[in-house]
$ cat work_1.cif   # mmCIF, C-alpha atoms and all ligand atoms
data_protein
#
loop_
_atom_site.label_atom_id
_atom_site.label_comp_id
_atom_site.auth_asym_id
_atom_site.auth_seq_id
_atom_site.Cartn_x
_atom_site.Cartn_y
_atom_site.Cartn_z
CA MET A 163 -1.90 -18.70 1.24
CA SER A 164 1.28 -17.12 2.58
CA VAL A 165 0.95 -13.88 4.57
CA LEU A 166 4.70 -13.47 5.06
CA SER A 167 7.54 -14.86 3.02
CA VAL A 168 11.12 -14.33 4.14
CA GLU A 169 14.01 -15.55 1.97
CA ASN A 170 17.69 -15.57 2.89
CA LEU A 171 17.27 -12.67 5.30
CA SER A 172 20.52 -11.57 6.93
CA VAL A 173 20.82 -8.82 9.54
CA THR A 174 24.09 -7.12 10.47
CA LEU A 175 24.10 -4.69 13.41
CA ARG A 176 27.26 -2.65 14.06
CA SER A 177 29.29 -4.96 11.81
CA ARG A 178 28.08 -8.07 13.73
CA THR A 179 25.98 -10.61 11.82
CA VAL A 180 22.95 -11.26 14.03
CA LEU A 181 21.01 -13.42 11.54
CA ARG A 182 22.40 -15.31 8.56
CA GLU A 183 20.23 -16.28 5.56
CA VAL A 184 17.00 -17.02 7.41
CA SER A 185 14.08 -18.31 5.31
CA PHE A 186 10.52 -19.19 6.27
CA ALA A 187 6.94 -18.52 5.23
CA ILE A 188 3.84 -18.02 7.38
CA ARG A 189 0.48 -19.13 6.05
CA GLU A 190 -3.07 -18.18 7.00
CA GLY A 191 -4.28 -20.18 9.99
CA GLU A 192 -0.88 -20.40 11.72
CA PHE A 193 -0.04 -19.15 15.21
CA VAL A 194 3.75 -19.19 15.16
CA GLY A 195 5.79 -18.80 18.34
CA LEU A 196 9.30 -17.41 17.84
CA LEU A 197 11.63 -18.82 20.51
CA GLY A 198 15.29 -18.37 21.31
CA PRO A 199 17.67 -17.23 24.02
CA ASN A 200 18.23 -13.54 24.83
CA GLY A 201 20.05 -11.93 21.94
CA ALA A 202 19.20 -14.73 19.46
CA GLY A 203 17.70 -12.18 17.08
CA LYS A 204 13.93 -12.58 17.55
CA SER A 205 13.20 -8.82 17.62
CA SER A 206 15.71 -8.21 14.83
CA LEU A 207 14.04 -10.87 12.67
CA MET A 208 10.57 -9.39 13.12
CA ARG A 209 11.79 -5.82 12.58
CA ALA A 210 13.75 -6.82 9.47
CA ALA A 211 10.75 -8.79 8.13
CA LEU A 212 8.66 -5.61 8.57
CA GLY A 213 11.29 -3.49 6.82
CA LEU A 214 11.95 -1.44 9.98
CA ILE A 215 15.70 -2.16 10.01
CA PRO A 216 18.04 -2.73 7.05
CA ALA A 217 18.57 -6.34 6.00
CA GLN A 218 19.89 -8.37 3.09
CA GLY A 219 17.61 -10.85 1.37
CA ARG A 220 13.86 -10.67 0.79
CA SER A 221 10.75 -10.14 2.91
CA SER A 222 7.33 -9.82 1.28
CA LEU A 223 6.27 -7.19 3.87
CA ALA A 224 9.44 -5.10 3.60
CA GLU A 225 8.83 -4.77 -0.15
CA MET A 226 5.42 -3.10 0.34
CA THR A 227 4.70 0.61 0.60
CA ALA A 228 4.11 1.79 4.19
CA GLU A 229 0.37 2.15 3.44
CA ASP A 230 -0.01 -1.38 2.03
CA ARG A 231 2.10 -2.84 4.86
CA ALA A 232 -0.11 -1.20 7.51
CA ARG A 233 -3.09 -3.02 5.97
CA ALA A 234 -1.15 -6.30 5.67
CA ALA A 235 0.42 -6.55 9.13
CA ALA A 236 -0.02 -5.10 12.61
CA TRP A 237 3.02 -4.77 14.88
CA MET A 238 3.33 -4.67 18.63
CA PRO A 239 6.94 -3.81 19.55
CA GLN A 240 8.71 -4.90 22.74
CA SER A 241 8.82 -1.35 24.09
CA ARG A 242 5.41 -0.48 25.54
CA GLU A 243 5.80 3.03 26.79
CA ILE A 244 2.72 5.15 26.08
CA ALA A 245 4.09 8.58 26.81
CA TRP A 246 1.04 10.75 26.22
CA PRO A 247 -2.33 10.73 28.05
CA ILE A 248 -4.52 9.62 25.11
CA PRO A 249 -7.76 7.83 26.17
CA VAL A 250 -7.57 4.05 25.70
CA GLU A 251 -10.44 4.08 23.18
CA ARG A 252 -8.63 6.62 20.95
CA LEU A 253 -5.36 4.70 21.24
CA VAL A 254 -7.10 1.53 20.03
CA ALA A 255 -8.84 3.56 17.28
CA LEU A 256 -5.39 4.50 15.89
CA GLY A 257 -5.35 0.91 14.57
CA ARG A 258 -8.00 1.97 12.03
CA LEU A 259 -5.92 4.87 10.62
CA PRO A 260 -4.39 2.87 7.73
CA HIS A 261 -7.92 2.15 6.47
CA LEU A 262 -9.33 5.70 6.56
CA PRO A 263 -9.06 8.80 4.39
CA GLN A 264 -7.34 11.46 6.49
CA GLY A 265 -9.43 13.67 8.75
CA LEU A 266 -12.55 11.49 8.86
CA ARG A 267 -14.34 10.47 12.05
CA LEU A 268 -14.52 6.71 12.56
CA PRO A 269 -17.37 5.19 10.50
CA PRO A 270 -19.58 2.69 12.42
CA ALA A 271 -17.87 -0.39 10.93
CA ASP A 272 -14.47 0.86 12.11
CA GLN A 273 -15.85 1.80 15.54
CA ALA A 274 -17.24 -1.75 15.77
CA LEU A 275 -13.72 -3.16 15.21
CA VAL A 276 -12.38 -0.84 17.94
CA ASP A 277 -15.14 -1.98 20.34
CA GLN A 278 -14.42 -5.62 19.50
CA ALA A 279 -10.67 -5.18 20.16
CA ILE A 280 -11.36 -3.42 23.49
CA ALA A 281 -13.72 -6.22 24.54
CA ARG A 282 -11.31 -8.97 23.40
CA MET A 283 -8.51 -7.53 25.55
CA GLY A 284 -10.76 -6.91 28.58
CA LEU A 285 -10.29 -3.13 28.44
CA GLU A 286 -13.93 -2.03 28.90
CA PRO A 287 -13.28 -0.55 32.39
CA PHE A 288 -10.40 1.58 31.00
CA ARG A 289 -12.02 2.87 27.81
CA GLN A 290 -11.86 6.59 28.80
CA ARG A 291 -8.78 6.35 31.06
CA ALA A 292 -5.56 8.06 29.87
CA ALA A 293 -3.47 5.21 28.47
CA SER A 294 -0.33 6.66 30.10
CA ARG A 295 -2.04 6.05 33.46
CA LEU A 296 -2.50 2.29 32.98
CA SER A 297 -0.30 -0.31 34.65
CA GLY A 298 2.44 -1.94 32.54
CA GLY A 299 0.34 -5.03 31.79
CA GLU A 300 -2.74 -2.92 31.02
CA GLN A 301 -0.69 -0.78 28.60
CA ALA A 302 0.48 -3.97 26.89
CA ARG A 303 -3.15 -5.10 26.50
CA ALA A 304 -4.12 -1.67 25.08
CA LEU A 305 -1.33 -1.93 22.49
CA ILE A 306 -2.42 -5.48 21.56
CA ALA A 307 -5.97 -4.11 21.18
CA ARG A 308 -4.69 -1.38 18.84
CA ALA A 309 -2.98 -4.07 16.73
CA LEU A 310 -6.21 -6.16 16.74
CA ALA A 311 -8.24 -3.11 15.62
CA GLN A 312 -5.96 -2.88 12.57
CA ASP A 313 -7.74 -6.07 11.44
CA THR A 314 -4.83 -7.32 9.33
CA PRO A 315 -4.17 -10.80 7.90
CA LEU A 316 -0.98 -10.99 10.03
CA LEU A 317 -0.16 -9.79 13.52
CA LEU A 318 3.45 -9.64 14.74
CA ALA A 319 4.06 -9.12 18.45
CA ASP A 320 7.33 -8.96 20.39
CA GLU A 321 6.89 -10.66 23.77
CA PRO A 322 3.20 -9.75 24.15
CA ALA A 323 2.81 -12.02 27.19
CA ALA A 324 5.64 -10.35 29.15
CA GLY A 325 4.31 -8.52 32.20
CA LEU A 326 0.79 -9.94 31.95
CA ASP A 327 -0.75 -11.80 34.90
CA PRO A 328 -1.42 -15.55 34.34
CA ALA A 329 -5.09 -15.09 33.41
CA HIS A 330 -4.29 -12.38 30.86
CA GLN A 331 -1.33 -14.40 29.50
CA ILE A 332 -3.67 -17.32 28.84
CA SER A 333 -6.47 -15.16 27.42
CA THR A 334 -4.06 -13.18 25.21
CA MET A 335 -2.57 -16.40 23.80
CA GLY A 336 -6.18 -17.51 23.28
CA VAL A 337 -6.87 -14.31 21.28
CA PHE A 338 -3.90 -15.03 18.97
CA ALA A 339 -5.00 -18.67 18.62
CA SER A 340 -8.53 -17.55 17.72
CA LEU A 341 -7.16 -15.13 15.09
CA ALA A 342 -5.36 -18.10 13.54
CA ALA A 343 -8.51 -20.24 13.77
CA GLU A 344 -10.37 -17.43 11.90
CA GLY A 345 -7.87 -17.79 9.02
CA ARG A 346 -5.47 -15.00 9.96
CA ALA A 347 -1.93 -15.56 11.26
CA ALA A 348 0.23 -14.45 14.17
CA LEU A 349 4.00 -14.40 14.70
CA VAL A 350 4.78 -13.87 18.36
CA SER A 351 8.09 -13.98 20.23
CA LEU A 352 7.92 -15.69 23.61
CA HIS A 353 10.11 -16.77 26.50
CA ASP A 354 7.38 -18.81 28.20
CA LEU A 355 7.87 -22.28 26.73
CA GLY A 356 4.78 -23.61 28.55
CA LEU A 357 2.52 -21.05 26.84
CA ALA A 358 4.21 -21.78 23.51
CA ALA A 359 3.62 -25.53 23.94
CA ARG A 360 -0.05 -25.08 24.76
CA HIS A 361 -1.19 -22.40 22.33
CA CYS A 362 1.02 -22.17 19.22
CA THR A 363 0.38 -24.27 16.11
CA ARG A 364 4.04 -24.00 15.08
CA LEU A 365 7.32 -22.93 16.68
CA ILE A 366 10.44 -21.43 15.12
CA LEU A 367 13.53 -21.78 17.33
CA LEU A 368 16.26 -19.21 16.68
CA ALA A 369 19.80 -19.76 17.90
CA GLU A 370 23.37 -19.53 16.65
CA GLY A 371 22.41 -16.92 14.03
CA GLY A 372 19.72 -18.95 12.31
CA ILE A 373 16.74 -21.28 12.57
CA LEU A 374 17.64 -24.29 14.69
CA ALA A 375 14.20 -25.91 14.38
CA ASP A 376 10.86 -25.11 12.74
CA GLY A 377 7.80 -27.31 13.20
CA ALA A 378 4.98 -28.43 15.47
CA PRO A 379 5.56 -27.69 19.20
CA ALA A 380 6.30 -31.35 19.96
CA GLU A 381 9.01 -31.41 17.27
CA VAL A 382 10.71 -28.25 18.54
CA LEU A 383 10.40 -28.52 22.34
CA THR A 384 12.53 -31.66 22.53
CA PRO A 385 15.04 -32.21 25.36
CA ALA A 386 17.93 -32.19 22.86
CA LEU A 387 16.91 -28.90 21.20
CA MET A 388 16.15 -27.23 24.56
CA ALA A 389 19.57 -28.29 25.87
CA ARG A 390 21.29 -26.96 22.75
CA ALA A 391 19.41 -23.65 22.46
CA PHE A 392 18.89 -22.71 26.13
CA GLY A 393 21.16 -25.08 28.09
CA ILE A 394 18.22 -26.35 30.15
CA SER A 395 16.56 -29.66 30.99
CA VAL A 396 12.79 -29.87 30.59
CA TRP A 397 9.77 -31.91 31.67
CA HIS A 398 6.72 -32.41 29.53
CA GLU A 399 3.60 -34.51 29.46
CA THR A 400 0.54 -34.79 27.25
CA THR A 401 -2.53 -34.49 29.46
CA ALA A 402 -6.29 -34.44 28.88
CA GLN A 403 -6.01 -30.62 29.10
CA GLY A 404 -3.30 -30.54 26.41
CA PRO A 405 0.52 -30.48 26.55
CA VAL A 406 2.17 -29.34 29.79
CA PHE A 407 5.77 -28.19 29.45
CA GLN A 408 8.07 -27.06 32.25
CA PRO A 409 11.73 -25.95 32.10
CA LEU A 410 13.55 -27.64 35.01
CA GLU A 411 17.25 -26.90 35.48
CA VAL A 412 20.20 -25.17 33.88
CA LEU A 413 22.52 -27.89 32.58
N1 LIG B 501 20.84 -1.30 17.62
C1 LIG B 501 21.68 -2.31 17.83
N2 LIG B 501 23.00 -2.17 17.58
C2 LIG B 501 23.87 -3.17 17.77
N3 LIG B 501 23.52 -4.41 18.18
C3 LIG B 501 22.22 -4.61 18.45
C4 LIG B 501 21.23 -3.59 18.28
N4 LIG B 501 20.02 -4.10 18.61
C5 LIG B 501 20.24 -5.39 18.98
N5 LIG B 501 21.56 -5.70 18.87
C6 LIG B 501 22.19 -7.00 19.14
O1 LIG B 501 21.63 -7.92 18.22
C7 LIG B 501 21.43 -9.20 18.84
C8 LIG B 501 19.98 -9.62 18.66
O2 LIG B 501 19.16 -8.76 19.42
P1 LIG B 501 17.57 -8.96 19.44
O3 LIG B 501 17.00 -7.83 20.23
O4 LIG B 501 17.09 -9.18 18.07
O5 LIG B 501 17.46 -10.34 20.25
P2 LIG B 501 16.20 -11.06 20.91
O6 LIG B 501 16.26 -12.50 20.50
O7 LIG B 501 14.95 -10.31 20.57
O8 LIG B 501 16.56 -10.91 22.45
P3 LIG B 501 15.66 -10.81 23.81
O9 LIG B 501 15.12 -12.18 24.05
O10 LIG B 501 16.69 -10.45 24.83
O11 LIG B 501 14.60 -9.75 23.61
C9 LIG B 501 21.85 -9.05 20.30
O12 LIG B 501 23.14 -9.57 20.44
C10 LIG B 501 21.85 -7.54 20.53
O13 LIG B 501 22.83 -7.18 21.47
#

$ encode --input "work_1.cif" --output "structure tokens" --more "lines below"
Ligand SMILES: Nc1ncnc2c1ncn2[C@@H]1O[C@H](COP(=O)(O)OP(=O)(O)OP(=O)(O)O)[C@@H](O)[C@H]1O
Amino acid sequence: MSVLSVENLSVTLRSRTVLREVSFAIREGEFVGLLGPNGAGKSSLMRAALGLIPAQGRSSLAEMTAEDRARAAAWMPQSREIAWPIPVERLVALGRLPHLPQGLRLPPADQALVDQAIARMGLEPFRQRAASRLSGGEQARALIARALAQDTPLLLADEPAAGLDPAHQISTMGVFASLAAEGRAALVSLHDLGLAARHCTRLILLAEGGILADGAPAEVLTPALMARAFGISVWHETTAQGPVFQPLEVL
């Protein structure tokens, strides 16, 4: 079943067309990496698909009411600043707000989802710490945990691996992959092509105002497409531990 359907979506920002008639659908069980050079329109595509910026065309999420959308999709934006000193546990608990009548304390089932999200993102030691006093990477993990606590069929995240140390990059990609394996879906923008090759079930490559390629990682991370989209040469090999992919040089 499709959790997001985008048809002929075009985005114009300050009279410049950033995306032209982009169409794709995301189904349950998919972990989709959104790739493309700086300025290709990855954030704009996710924000337009969520109905956060004006766009032409159709998006199934943008058509929903704000309440329905908050139960259908969780969103982690690129900007991570947590400006106020809310304890990490309460920040993560905000993910349950779309599911609760106003003013109620968290029922046990909702608290269990908060605890699960905190454990999944390795935030146990920070539970009572003011979120504004976490490091950049820890703040990113707290915001991913809030999105996980929302417990939605689809999670969209803008560069969630940026600023994380290697172990947390791998474990965070593992969390998204496990959501997909559980029958949910994730759409995640990434600049790390090696992580995309190893963890995503499908890649969408944005460039030149549209989708240049959409398919399995091996179909998208080809030398020809990498040269065209990023102007780089690449090295890749299939190993016993899975695909290994390394950008090499600027062409
Ligand atoms: N508010 C805005 N007004 C005008 N132009 C904008 C605005 N926001 C983004 N743009 C432009 O739209 C284009 C797409 O930006 P977007 O942030 O979607 O790219 P991206 O693929 O997410 O880039 P990055 O990899 O650098 O995060 C860029 O050329 C950017 O300069």

$ closest_residue --input "work_1.cif" --among "A:Met335, A:Leu352, A:Ala402, A:Leu223" --to "ligand LIG 501 (chain B)" --atoms "all atoms listed in the file"
A:Leu352

$ atom_distance --input "work_1.cif" --atom1 "atom CA of A:Val184" --atom2 "atom O5 of ligand LIG 501 (chain B)"
14.5 Å

$ residues_near_ligand --input "work_1.cif" --ligand "ligand LIG 501 (chain B)" --cutoff "8 Å" --atoms "only C-alpha atoms and all ligand atoms" --output "MDAnalysis selection string"
chainID A and resid 175:176 178 180 197:207 240 320:321 351 353 368

$ closest_atom_pairs --input "work_1.cif" --of "stretch 305-387 of chain A" --to "stretch 272-283 of chain A" --cutoff "7 Å" --atoms "all atoms listed in the file" --output "tab-separated table"
residue	atom	partner	partner_atom	distance
A:Ala307	CA	A:Ala279	CA	4.9
A:Leu310	CA	A:Ala279	CA	5.7
A:Ala311	CA	A:Val276	CA	5.3

$ residues_around --input "work_1.cif" --residues "stretch 241-257 of chain A" --least-positions-apart "2" --cutoff "9 Å" --atoms "all atoms listed in the file" --output "VMD selection string"
chain A and resid 236 238 to 239 259 to 261 268 272 to 273 275 to 277 279 to 280 285 288 to 295 298 301 to 302 304 to 313 320

$ decode --input "work_1.cif" --residues "stretch 276-313 of chain A" --atoms "N, CA and C atoms" --output "PDB file, in the first residue's frame"
ATOM      1  N   VAL A 276       7.260   6.320  23.898  1.00  0.00           N
ATOM      2  CA  VAL A 276       8.302   7.311  24.191  1.00  0.00           C
ATOM      3  C   VAL A 276       9.557   6.588  24.698  1.00  0.00           C
ATOM      4  N   ASP A 277       9.357   5.637  25.628  1.00  0.00           N
ATOM      5  CA  ASP A 277      10.500   4.889  26.179  1.00  0.00           C
ATOM      6  C   ASP A 277      11.225   4.119  25.080  1.00  0.00           C
ATOM      7  N   GLN A 278      10.418   3.511  24.192  1.00  0.00           N
ATOM      8  CA  GLN A 278      10.995   2.736  23.083  1.00  0.00           C
ATOM      9  C   GLN A 278      11.842   3.637  22.170  1.00  0.00           C
ATOM     10  N   ALA A 279      11.315   4.831  21.860  1.00  0.00           N
ATOM     11  CA  ALA A 279      12.031   5.761  20.964  1.00  0.00           C
ATOM     12  C   ALA A 279      13.323   6.228  21.635  1.00  0.00           C
ATOM     13  N   ILE A 280      13.271   6.496  22.938  1.00  0.00           N
ATOM     14  CA  ILE A 280      14.468   6.941  23.672  1.00  0.00           C
ATOM     15  C   ILE A 280      15.514   5.826  23.655  1.00  0.00           C
ATOM     16  N   ALA A 281      15.067   4.583  23.873  1.00  0.00           N
ATOM     17  CA  ALA A 281      16.012   3.458  23.878  1.00  0.00           C
ATOM     18  C   ALA A 281      16.594   3.250  22.478  1.00  0.00           C
ATOM     19  N   ARG A 282      15.734   3.321  21.444  1.00  0.00           N
ATOM     20  CA  ARG A 282      16.186   3.084  20.070  1.00  0.00           C
ATOM     21  C   ARG A 282      17.270   4.071  19.646  1.00  0.00           C
ATOM     22  N   MET A 283      17.175   5.318  20.134  1.00  0.00           N
ATOM     23  CA  MET A 283      18.146   6.334  19.751  1.00  0.00           C
ATOM     24  C   MET A 283      19.261   6.489  20.782  1.00  0.00           C
ATOM     25  N   GLY A 284      19.345   5.572  21.742  1.00  0.00           N
ATOM     26  CA  GLY A 284      20.449   5.585  22.707  1.00  0.00           C
ATOM     27  C   GLY A 284      20.453   6.823  23.587  1.00  0.00           C
ATOM     28  N   LEU A 285      19.254   7.293  23.987  1.00  0.00           N
ATOM     29  CA  LEU A 285      19.162   8.545  24.741  1.00  0.00           C
ATOM     30  C   LEU A 285      18.892   8.335  26.229  1.00  0.00           C
ATOM     31  N   GLU A 286      18.982   7.082  26.701  1.00  0.00           N
ATOM     32  CA  GLU A 286      18.705   6.813  28.128  1.00  0.00           C
ATOM     33  C   GLU A 286      19.494   7.728  29.061  1.00  0.00           C
ATOM     34  N   PRO A 287      20.823   7.942  28.820  1.00  0.00           N
ATOM     35  CA  PRO A 287      21.586   8.761  29.776  1.00  0.00           C
ATOM     36  C   PRO A 287      21.140  10.225  29.802  1.00  0.00           C
ATOM     37  N   PHE A 288      20.374  10.662  28.778  1.00  0.00           N
ATOM     38  CA  PHE A 288      20.029  12.091  28.669  1.00  0.00           C
ATOM     39  C   PHE A 288      18.567  12.370  28.988  1.00  0.00           C
ATOM     40  N   ARG A 289      17.839  11.349  29.412  1.00  0.00           N
ATOM     41  CA  ARG A 289      16.381  11.443  29.565  1.00  0.00           C
ATOM     42  C   ARG A 289      15.928  12.741  30.263  1.00  0.00           C
ATOM     43  N   GLN A 290      16.579  13.116  31.371  1.00  0.00           N
ATOM     44  CA  GLN A 290      16.140  14.283  32.150  1.00  0.00           C
ATOM     45  C   GLN A 290      16.959  15.542  31.850  1.00  0.00           C
ATOM     46  N   ARG A 291      17.931  15.426  30.939  1.00  0.00           N
ATOM     47  CA  ARG A 291      18.782  16.579  30.600  1.00  0.00           C
ATOM     48  C   ARG A 291      17.987  17.579  29.751  1.00  0.00           C
ATOM     49  N   ALA A 292      18.226  18.880  29.923  1.00  0.00           N
ATOM     50  CA  ALA A 292      17.595  19.881  29.051  1.00  0.00           C
ATOM     51  C   ALA A 292      18.085  19.650  27.629  1.00  0.00           C
ATOM     52  N   ALA A 293      17.143  19.513  26.688  1.00  0.00           N
ATOM     53  CA  ALA A 293      17.516  19.170  25.316  1.00  0.00           C
ATOM     54  C   ALA A 293      18.386  20.253  24.688  1.00  0.00           C
ATOM     55  N   SER A 294      18.221  21.511  25.142  1.00  0.00           N
ATOM     56  CA  SER A 294      19.043  22.600  24.594  1.00  0.00           C
ATOM     57  C   SER A 294      20.488  22.472  25.059  1.00  0.00           C
ATOM     58  N   ARG A 295      20.750  21.586  26.035  1.00  0.00           N
ATOM     59  CA  ARG A 295      22.128  21.408  26.507  1.00  0.00           C
ATOM     60  C   ARG A 295      22.726  20.100  26.026  1.00  0.00           C
ATOM     61  N   LEU A 296      22.205  19.575  24.925  1.00  0.00           N
ATOM     62  CA  LEU A 296      22.817  18.397  24.275  1.00  0.00           C
ATOM     63  C   LEU A 296      23.765  18.879  23.185  1.00  0.00           C
ATOM     64  N   SER A 297      24.684  17.999  22.778  1.00  0.00           N
ATOM     65  CA  SER A 297      25.545  18.337  21.633  1.00  0.00           C
ATOM     66  C   SER A 297      24.689  18.310  20.364  1.00  0.00           C
ATOM     67  N   GLY A 298      25.252  18.800  19.252  1.00  0.00           N
ATOM     68  CA  GLY A 298      24.499  18.841  17.991  1.00  0.00           C
ATOM     69  C   GLY A 298      23.996  17.470  17.571  1.00  0.00           C
ATOM     70  N   GLY A 299      24.882  16.467  17.651  1.00  0.00           N
ATOM     71  CA  GLY A 299      24.489  15.114  17.239  1.00  0.00           C
ATOM     72  C   GLY A 299      23.464  14.515  18.191  1.00  0.00           C
ATOM     73  N   GLU A 300      23.605  14.828  19.496  1.00  0.00           N
ATOM     74  CA  GLU A 300      22.625  14.323  20.475  1.00  0.00           C
ATOM     75  C   GLU A 300      21.257  14.971  20.252  1.00  0.00           C
ATOM     76  N   GLN A 301      21.254  16.270  19.902  1.00  0.00           N
ATOM     77  CA  GLN A 301      19.984  16.948  19.602  1.00  0.00           C
ATOM     78  C   GLN A 301      19.323  16.290  18.397  1.00  0.00           C
ATOM     79  N   ALA A 302      20.142  15.972  17.390  1.00  0.00           N
ATOM     80  CA  ALA A 302      19.585  15.312  16.190  1.00  0.00           C
ATOM     81  C   ALA A 302      18.941  13.995  16.582  1.00  0.00           C
ATOM     82  N   ARG A 303      19.605  13.223  17.455  1.00  0.00           N
ATOM     83  CA  ARG A 303      19.047  11.925  17.877  1.00  0.00           C
ATOM     84  C   ARG A 303      17.760  12.114  18.674  1.00  0.00           C
ATOM     85  N   ALA A 304      17.700  13.196  19.486  1.00  0.00           N
ATOM     86  CA  ALA A 304      16.473  13.457  20.265  1.00  0.00           C
ATOM     87  C   ALA A 304      15.318  13.797  19.323  1.00  0.00           C
ATOM     88  N   LEU A 305      15.619  14.532  18.244  1.00  0.00           N
ATOM     89  CA  LEU A 305      14.544  14.895  17.303  1.00  0.00           C
ATOM     90  C   LEU A 305      14.104  13.683  16.474  1.00  0.00           C
ATOM     91  N   ILE A 306      15.048  12.776  16.177  1.00  0.00           N
ATOM     92  CA  ILE A 306      14.657  11.530  15.491  1.00  0.00           C
ATOM     93  C   ILE A 306      13.772  10.712  16.434  1.00  0.00           C
ATOM     94  N   ALA A 307      14.143  10.687  17.735  1.00  0.00           N
ATOM     95  CA  ALA A 307      13.335   9.938  18.712  1.00  0.00           C
ATOM     96  C   ALA A 307      11.925  10.509  18.793  1.00  0.00           C
ATOM     97  N   ARG A 308      11.797  11.842  18.752  1.00  0.00           N
ATOM     98  CA  ARG A 308      10.460  12.449  18.782  1.00  0.00           C
ATOM     99  C   ARG A 308       9.639  11.982  17.574  1.00  0.00           C
ATOM    100  N   ALA A 309      10.302  11.955  16.397  1.00  0.00           N
ATOM    101  CA  ALA A 309       9.605  11.492  15.186  1.00  0.00           C
ATOM    102  C   ALA A 309       9.228  10.011  15.320  1.00  0.00           C
ATOM    103  N   LEU A 310      10.119   9.201  15.924  1.00  0.00           N
ATOM    104  CA  LEU A 310       9.807   7.764  16.104  1.00  0.00           C
ATOM    105  C   LEU A 310       8.619   7.587  17.044  1.00  0.00           C
ATOM    106  N   ALA A 311       8.564   8.449  18.117  1.00  0.00           N
ATOM    107  CA  ALA A 311       7.477   8.329  19.094  1.00  0.00           C
ATOM    108  C   ALA A 311       6.126   8.628  18.456  1.00  0.00           C
ATOM    109  N   GLN A 312       6.141   9.367  17.348  1.00  0.00           N
ATOM    110  CA  GLN A 312       4.894   9.692  16.647  1.00  0.00           C
ATOM    111  C   GLN A 312       4.258   8.431  16.059  1.00  0.00           C
ATOM    112  N   ASP A 313       5.099   7.392  15.838  1.00  0.00           N
ATOM    113  CA  ASP A 313       4.598   6.063  15.477  1.00  0.00           C
ATOM    114  C   ASP A 313       3.714   6.115  14.232  1.00  0.00           C
TER     115      ASP A 313
END
